[in-house]
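Undergrad: Data file entry_15.txt (compact mmCIF, C-alpha atoms) is appended below.
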```txt
# COMPACT_ATOMS: atom_id res chain seq x y z
CA MET E 276 124.13 98.78 91.33
CA PRO E 277 123.07 101.25 94.06
CA PRO E 278 125.06 104.45 94.55
CA PRO E 279 127.69 104.31 97.28
CA THR E 280 126.75 105.36 100.79
CA ALA E 281 128.83 107.19 103.38
CA LEU E 282 127.09 106.12 106.59
CA VAL E 283 128.33 107.92 109.71
CA LEU E 284 127.39 106.80 113.20
CA MET E 285 127.87 109.80 115.45
CA GLY E 286 127.69 110.38 119.18
CA THR E 287 129.74 110.71 122.31
CA SER E 288 132.37 108.31 123.48
CA GLY E 289 130.91 105.14 124.99
CA VAL E 290 127.66 105.28 123.05
CA GLY E 291 128.50 102.22 120.95
CA LYS E 292 129.49 103.74 117.60
CA THR E 293 132.19 101.18 116.85
CA THR E 294 130.17 98.18 118.01
CA VAL E 295 127.09 99.09 115.98
CA ALA E 296 129.07 100.31 112.95
CA THR E 297 131.09 97.11 112.67
CA GLU E 298 127.89 95.06 112.82
CA ILE E 299 126.34 97.16 110.02
CA ALA E 300 129.51 96.98 107.91
CA GLU E 301 129.55 93.21 108.24
CA ARG E 302 125.89 92.82 107.31
CA MET E 303 126.07 95.21 104.37
CA GLN E 304 129.55 94.05 103.34
CA TRP E 305 130.77 97.65 103.41
CA ARG E 306 134.15 98.97 104.51
CA PHE E 307 134.35 100.03 108.18
CA LEU E 308 136.35 103.11 109.16
CA GLU E 309 137.17 103.87 112.80
CA ALA E 310 137.65 107.64 113.01
CA ASP E 311 139.82 107.30 116.12
CA ASP E 312 142.43 105.56 113.96
CA TYR E 313 142.97 108.82 112.08
CA HIS E 314 143.79 110.96 115.14
CA SER E 315 147.33 112.24 115.33
CA ALA E 316 149.61 111.02 118.10
CA GLU E 317 149.36 114.51 119.61
CA ASN E 318 145.54 114.35 119.69
CA ARG E 319 145.68 110.94 121.35
CA ARG E 320 148.19 112.24 123.89
CA LYS E 321 145.97 115.22 124.71
CA MET E 322 142.83 113.17 125.16
CA GLY E 323 144.70 110.47 127.08
CA GLY E 324 145.91 113.19 129.43
CA GLY E 325 142.36 114.40 130.02
CA GLU E 326 142.56 117.46 127.76
CA PRO E 327 139.62 118.02 125.37
CA LEU E 328 140.55 118.67 121.74
CA SER E 329 140.10 122.13 120.30
CA ASP E 330 138.49 122.83 116.94
CA ALA E 331 142.01 123.49 115.60
CA ASP E 332 143.10 120.03 116.82
CA ARG E 333 140.19 118.44 114.99
CA ARG E 334 140.53 120.20 111.61
CA PRO E 335 143.37 118.06 110.17
CA TRP E 336 141.70 114.91 111.53
CA LEU E 337 138.37 115.76 109.87
CA LEU E 338 140.11 116.72 106.61
CA SER E 339 141.92 113.38 106.55
CA LEU E 340 138.70 111.47 107.23
CA ASN E 341 136.82 113.41 104.57
CA GLU E 342 139.52 112.54 102.02
CA VAL E 343 139.38 108.84 102.90
CA ILE E 344 135.56 108.74 102.73
CA ALA E 345 135.48 110.70 99.45
CA ARG E 346 138.05 108.35 97.90
CA HIS E 347 135.86 105.34 98.72
CA VAL E 348 132.69 107.02 97.43
CA ARG E 349 134.43 108.04 94.17
CA ARG E 350 135.40 104.39 93.66
CA GLY E 351 131.76 103.38 94.18
CA GLU E 352 132.44 101.82 97.58
CA SER E 353 130.13 102.29 100.54
CA VAL E 354 131.61 102.94 103.98
CA VAL E 355 130.42 102.86 107.58
CA VAL E 356 132.23 105.38 109.76
CA ALA E 357 132.26 105.48 113.57
CA CYS E 358 132.98 109.13 114.35
CA SER E 359 131.89 111.46 117.15
CA VAL E 360 131.34 114.58 114.94
CA LEU E 361 129.63 116.32 117.84
CA LYS E 362 129.30 119.75 116.22
CA GLU E 363 127.48 120.70 113.03
CA GLU E 364 130.69 122.22 111.61
CA TYR E 365 132.47 118.87 112.14
CA ARG E 366 129.73 117.03 110.26
CA GLU E 367 129.90 119.59 107.46
CA ALA E 368 133.68 119.10 107.24
CA LEU E 369 133.30 115.32 107.23
CA PHE E 370 130.68 115.35 104.44
CA ARG E 371 132.18 118.26 102.43
CA GLY E 372 132.07 117.58 98.71
CA LEU E 373 130.06 114.37 99.03
CA PRO E 374 126.81 114.25 97.03
CA ALA E 375 123.76 114.53 99.30
CA GLU E 376 122.40 111.20 98.08
CA THR E 377 125.51 109.39 99.35
CA ARG E 378 125.35 110.79 102.89
CA CYS E 379 123.57 109.14 105.79
CA LEU E 380 123.88 110.12 109.43
CA VAL E 381 122.83 108.08 112.46
CA HIS E 382 122.91 109.69 115.91
CA LEU E 383 123.48 107.20 118.71
CA VAL E 384 122.50 108.33 122.20
CA ALA E 385 122.48 107.04 125.78
CA SER E 386 122.14 108.64 129.20
CA ARG E 387 125.20 110.12 130.91
CA GLU E 388 125.01 107.38 133.55
CA VAL E 389 125.06 104.62 130.94
CA LEU E 390 127.92 106.29 129.07
CA LEU E 391 130.00 106.66 132.24
CA ARG E 392 129.43 103.01 133.15
CA ARG E 393 130.49 101.88 129.68
CA LEU E 394 133.56 104.12 129.66
CA ALA E 395 134.62 102.88 133.10
CA GLY E 396 134.49 99.33 131.80
CA ARG E 397 136.63 99.95 128.71
CA LYS E 398 140.19 98.70 128.74
CA GLY E 399 143.03 100.06 126.64
CA HIS E 400 141.20 103.02 125.09
CA PHE E 401 142.89 106.43 125.12
CA PHE E 402 139.67 108.36 125.94
CA PRO E 403 139.27 108.80 129.71
CA PRO E 404 135.77 108.90 131.26
CA ARG E 405 136.46 112.34 132.77
CA LEU E 406 136.23 113.88 129.25
CA LEU E 407 132.62 112.73 128.76
CA ASP E 408 131.10 115.90 130.21
CA SER E 409 133.08 118.04 127.75
CA GLN E 410 131.64 115.96 124.90
CA LEU E 411 128.10 116.25 126.23
CA ALA E 412 128.55 120.03 126.50
CA THR E 413 129.90 120.21 122.94
CA LEU E 414 127.18 118.05 121.36
CA GLN E 415 124.96 119.85 118.85
CA LEU E 416 121.94 117.96 117.58
CA PRO E 417 122.18 117.28 113.84
CA LYS E 418 120.42 119.53 111.35
CA GLU E 419 120.86 117.01 108.54
CA PRO E 420 118.14 114.38 108.29
CA THR E 421 119.10 111.50 110.52
CA ILE E 422 117.78 108.77 112.71
CA THR E 423 118.42 108.72 116.44
CA ILE E 424 118.81 105.46 118.34
CA ASP E 425 119.06 105.02 122.10
CA THR E 426 121.74 102.35 122.46
CA ALA E 427 120.78 101.76 126.10
CA ALA E 428 117.29 100.68 125.05
CA SER E 429 118.42 98.27 122.33
CA SER E 430 121.15 95.70 121.83
CA PRO E 431 123.86 96.40 119.23
CA ASN E 432 122.14 93.89 116.92
CA GLN E 433 118.80 95.67 117.32
CA CYS E 434 120.47 99.03 116.64
CA ALA E 435 122.06 97.59 113.49
CA ASP E 436 118.66 96.15 112.43
CA THR E 437 117.11 99.61 112.73
CA VAL E 438 119.85 101.22 110.64
CA VAL E 439 119.80 98.54 107.94
CA LYS E 440 115.99 98.84 107.66
CA TYR E 441 116.36 102.62 107.38
CA LEU E 442 119.03 102.28 104.66
CA ARG E 443 116.86 99.87 102.70
CA SER E 444 113.85 102.20 103.02
CA ARG E 445 115.98 104.91 101.40
CA ASN E 446 117.18 102.62 98.63
CA SER E 447 115.41 99.36 97.78
CA ARG E 448 118.47 98.12 95.84
CA LEU E 449 120.50 97.64 99.03
```
Rewrite the structure from the file as structure tokens, please.
TA:
Amino acid sequence: MPPPTALVLMGTSGVGKTTVATEIAERMQWRFLEADDYHSAENRRKMGGGEPLSDADRRPWLLSLNEVIARHVRRGESVVVACSVLKEEYREALFRGLPAETRCLVHLVASREVLLRRLAGRKGHFFPPRLLDSQLATLQLPKEPTITIDTAASSPNQCADTVVKYLRSRNSRL
């Protein structure tokens, strides 16, 4: 049996993290975790009101996510996580304590114009399009080995194909 994998799809809001991650989770038969589900009511209120989160706002959220991911990995279960983790320190907090061989990061990207169009078309999500620029300003390119996929240039299925091929190239037992 292959070792568990903690696969994180990172990027700004509107880039397609949830769409691509759920497709991968279904194909690989891994558990899907939506990071937004772990935000506190206060964080959701702030973002919904157009206020970017501070690092202090994010700390408990990242700690909670790290604990959930680590629990799955300890049980030998692989997970696919849709999570912005825009800064290196956020990614470090998310992966803290996880063995390097279990971690896999995918950076999803798209142009600002594409992201704004997607965000404008979303219904019922707490993240308003006017916060996109704060996310783009916060984004730090990953230091950890990763693959980067332009979600505007590929369909969600094609993006998932690319990730699954990458995962299998890392471990032939998947």
Undergrad: Point out the residue among E:Ala281, E:Ala310, E:Ile299, E:Leu442 with the least atom-to-atom distance to Ala345 of chain E, counting all atoms listed in the file.
TA: E:Ala281
Undergrad: Neighbours of Ser315 of chain E within 12 Å (only C-alpha atoms; same-chain residues fewer than 6 positions away dropped), as a list in words?
TA: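 Result of the neighbour search: Lys321, Met322, Leu328, Asp332, Arg333, Arg334, Pro335, Trp336, Leu337, Ser339 and Leu340 of chain E.
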Undergrad: Can you spit out the residues from that selection as a PDB file, keeping the file's coordinate frame, using C-alpha atoms?
TA:
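Written file, part-v2.pdb:
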```
ATOM      1  CA  LYS E 321     145.970 115.220 124.710  1.00  0.00           C
ATOM      2  CA  MET E 322     142.830 113.170 125.160  1.00  0.00           C
ATOM      3  CA  LEU E 328     140.550 118.670 121.740  1.00  0.00           C
ATOM      4  CA  ASP E 332     143.100 120.030 116.820  1.00  0.00           C
ATOM      5  CA  ARG E 333     140.190 118.440 114.990  1.00  0.00           C
ATOM      6  CA  ARG E 334     140.530 120.200 111.610  1.00  0.00           C
ATOM      7  CA  PRO E 335     143.370 118.060 110.170  1.00  0.00           C
ATOM      8  CA  TRP E 336     141.700 114.910 111.530  1.00  0.00           C
ATOM      9  CA  LEU E 337     138.370 115.760 109.870  1.00  0.00           C
ATOM     10  CA  SER E 339     141.920 113.380 106.550  1.00  0.00           C
ATOM     11  CA  LEU E 340     138.700 111.470 107.230  1.00  0.00           C
TER      12      LEU E 340
END
```
Undergrad: How many Å lie between atom CA of Asn446 of chain E and atom CA of Val381 of chain E, rounded to one decimal?
TA: 15.9 Å
Undergrad: Which polymer residues, whether protein, DNA or RNA, lie within 10 Å of the coordinate (134.0, 115.4, 128.1) when you count only C-alpha atoms? List them as a VMD selection string, using the chain letters and numbers from the file.
TA: chain E and resid 287 to 288 322 325 to 328 402 to 414
Undergrad: Keeping C-alpha atoms, export the residues of the selection given above as a PDB file, keeping the file's coordinate frame.
TA:
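Okay, this is what ended up in out-v1.pdb:
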```
ATOM      1  CA  THR E 287     129.740 110.710 122.310  1.00  0.00           C
ATOM      2  CA  SER E 288     132.370 108.310 123.480  1.00  0.00           C
ATOM      3  CA  MET E 322     142.830 113.170 125.160  1.00  0.00           C
ATOM      4  CA  GLY E 325     142.360 114.400 130.020  1.00  0.00           C
ATOM      5  CA  GLU E 326     142.560 117.460 127.760  1.00  0.00           C
ATOM      6  CA  PRO E 327     139.620 118.020 125.370  1.00  0.00           C
ATOM      7  CA  LEU E 328     140.550 118.670 121.740  1.00  0.00           C
ATOM      8  CA  PHE E 402     139.670 108.360 125.940  1.00  0.00           C
ATOM      9  CA  PRO E 403     139.270 108.800 129.710  1.00  0.00           C
ATOM     10  CA  PRO E 404     135.770 108.900 131.260  1.00  0.00           C
ATOM     11  CA  ARG E 405     136.460 112.340 132.770  1.00  0.00           C
ATOM     12  CA  LEU E 406     136.230 113.880 129.250  1.00  0.00           C
ATOM     13  CA  LEU E 407     132.620 112.730 128.760  1.00  0.00           C
ATOM     14  CA  ASP E 408     131.100 115.900 130.210  1.00  0.00           C
ATOM     15  CA  SER E 409     133.080 118.040 127.750  1.00  0.00           C
ATOM     16  CA  GLN E 410     131.640 115.960 124.900  1.00  0.00           C
ATOM     17  CA  LEU E 411     128.100 116.250 126.230  1.00  0.00           C
ATOM     18  CA  ALA E 412     128.550 120.030 126.500  1.00  0.00           C
ATOM     19  CA  THR E 413     129.900 120.210 122.940  1.00  0.00           C
ATOM     20  CA  LEU E 414     127.180 118.050 121.360  1.00  0.00           C
TER      21      LEU E 414
END
```
Undergrad: So how far away is atom CA of Val295 of chain E from atom CA of Val439 of chain E, in Å?
TA: 10.9 Å
Undergrad: Can you list, as a VMD selection string, every protein, DNA or RNA residue that comes within 9 Å of segment 372-375 of chain E when you count all atoms listed in the file, leaving out same-chain residues fewer than 3 positions away?
TA: chain E and resid 281 341 344 to 345 348 368 to 369 378 to 379
Undergrad: For those residues, write C-alpha atoms to a file as a PDB file, in the frame of the given file.
TA:
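Okay, this is what ended up in again29.pdb:
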```pdb
ATOM      1  CA  ALA E 281     128.830 107.190 103.380  1.00  0.00           C
ATOM      2  CA  ASN E 341     136.820 113.410 104.570  1.00  0.00           C
ATOM      3  CA  ILE E 344     135.560 108.740 102.730  1.00  0.00           C
ATOM      4  CA  ALA E 345     135.480 110.700  99.450  1.00  0.00           C
ATOM      5  CA  VAL E 348     132.690 107.020  97.430  1.00  0.00           C
ATOM      6  CA  ALA E 368     133.680 119.100 107.240  1.00  0.00           C
ATOM      7  CA  LEU E 369     133.300 115.320 107.230  1.00  0.00           C
ATOM      8  CA  ARG E 378     125.350 110.790 102.890  1.00  0.00           C
ATOM      9  CA  CYS E 379     123.570 109.140 105.790  1.00  0.00           C
TER      10      CYS E 379
END
```
Undergrad: Give the answer as one residue: which of E:Gly323, E:Pro420, E:Pro278, E:Gly289 has the shortest atom-to-atom distance to Arg349 of chain E, using all atoms listed in the file?
TA: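 Distance minimum relative to Arg349 of chain E lands on E:Pro278.
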